[in-house]
Amino acid sequence: QVHLVESGGGLVQAGGSLRLSCAASGRTYAMGWFRQAPGKEREFVSAIRWNDGRPDYADSVKGRFTISRDYAKNTMFLQMNSLKPEDTAVYYCAAGPYSWNANEYDYWGQGTQVTVSS
């Protein structure tokens, strides 16, 4: 069992930045960030492999978001720059395989709200 705790969400103006953190009680092959806006399905944002730090990004955030991890502290980060109103969602961290498919992840955090005002 892996417990995940997210932090760092909040309200920011368009063009601003936020940094999300996800602390894990254990380690799986990879971790990822997903988001879900009201009335929409949960969508992939980014993922990272623990061993080599290889990242992957959804096209909608590529060039604006950066995923990273602190291997020693079992913590993953998502630096979000140039935020847009359409980035508004609840952001979830997940632990499991290196995948874009939310159904393949075994463990989930409680979610943190990110709101971007125009």
# chains A, B, ... in the order shown; residues from 1 in each chain; ligands from 1

$ residues_around --residues "A:Glu41" --least-positions-apart "2" --cutoff "12 Å" --atoms "only C-alpha atoms" --output "number ranges by chain"
A: 34-39, 43-44, 89-90, 101-102

$ select_by_dssp --residues "stretch 29-111 of chain A" --states "strand (DSSP E)" --output "VMD selection string"
chain A and resid 30 to 36 43 to 49 55 to 57 65 to 70 75 to 80 89 to 96 107 to 108

$ closest_residue --among "A:Asn81, A:Asn103, A:Thr75, A:Gln13" --to "A:Gly63" --atoms "only C-alpha atoms"
A:Asn81

$ closest_residue --among "A:Ser82, A:Tyr92, A:Gly9, A:Trp50" --to "A:Ala30" --atoms "only C-alpha atoms"
A:Trp50

$ closest_residue --among "A:Val116, A:Leu4, A:Val12, A:Cys22" --to "A:Arg69" --atoms "only C-alpha atoms"
A:Cys22

$ closest_residue --among "A:Phe77, A:Tyr91, A:Phe65, A:Tyr29" --to "A:Gly111" --atoms "only C-alpha atoms"
A:Tyr91

$ residues_around --residues "A:Arg54" --least-positions-apart "6" --cutoff "12 Å" --atoms "only C-alpha atoms" --output "list in words"
Tyr29, Ala30, Met31, Gly32, Ser46, Ala47, Ile48, Thr66, Ile67, Ser68, Arg69 and Tyr98 of chain A

$ closest_residue --among "A:Leu83, A:Asp59, A:Ala94, A:Arg27" --to "A:Ala14" --atoms "only C-alpha atoms"
A:Leu83

$ atom_distance --atom1 "atom CA of A:Val114" --atom2 "atom CA of A:Gly10"
5.1 Å

$ atom_distance --atom1 "atom CA of A:Trp108" --atom2 "atom CA of A:Leu78"
15.6 Å

$ closest_residue --among "A:Met76, A:Ala58, A:Ala95, A:Val45" --to "A:Leu20" --atoms "only C-alpha atoms"
A:Met76
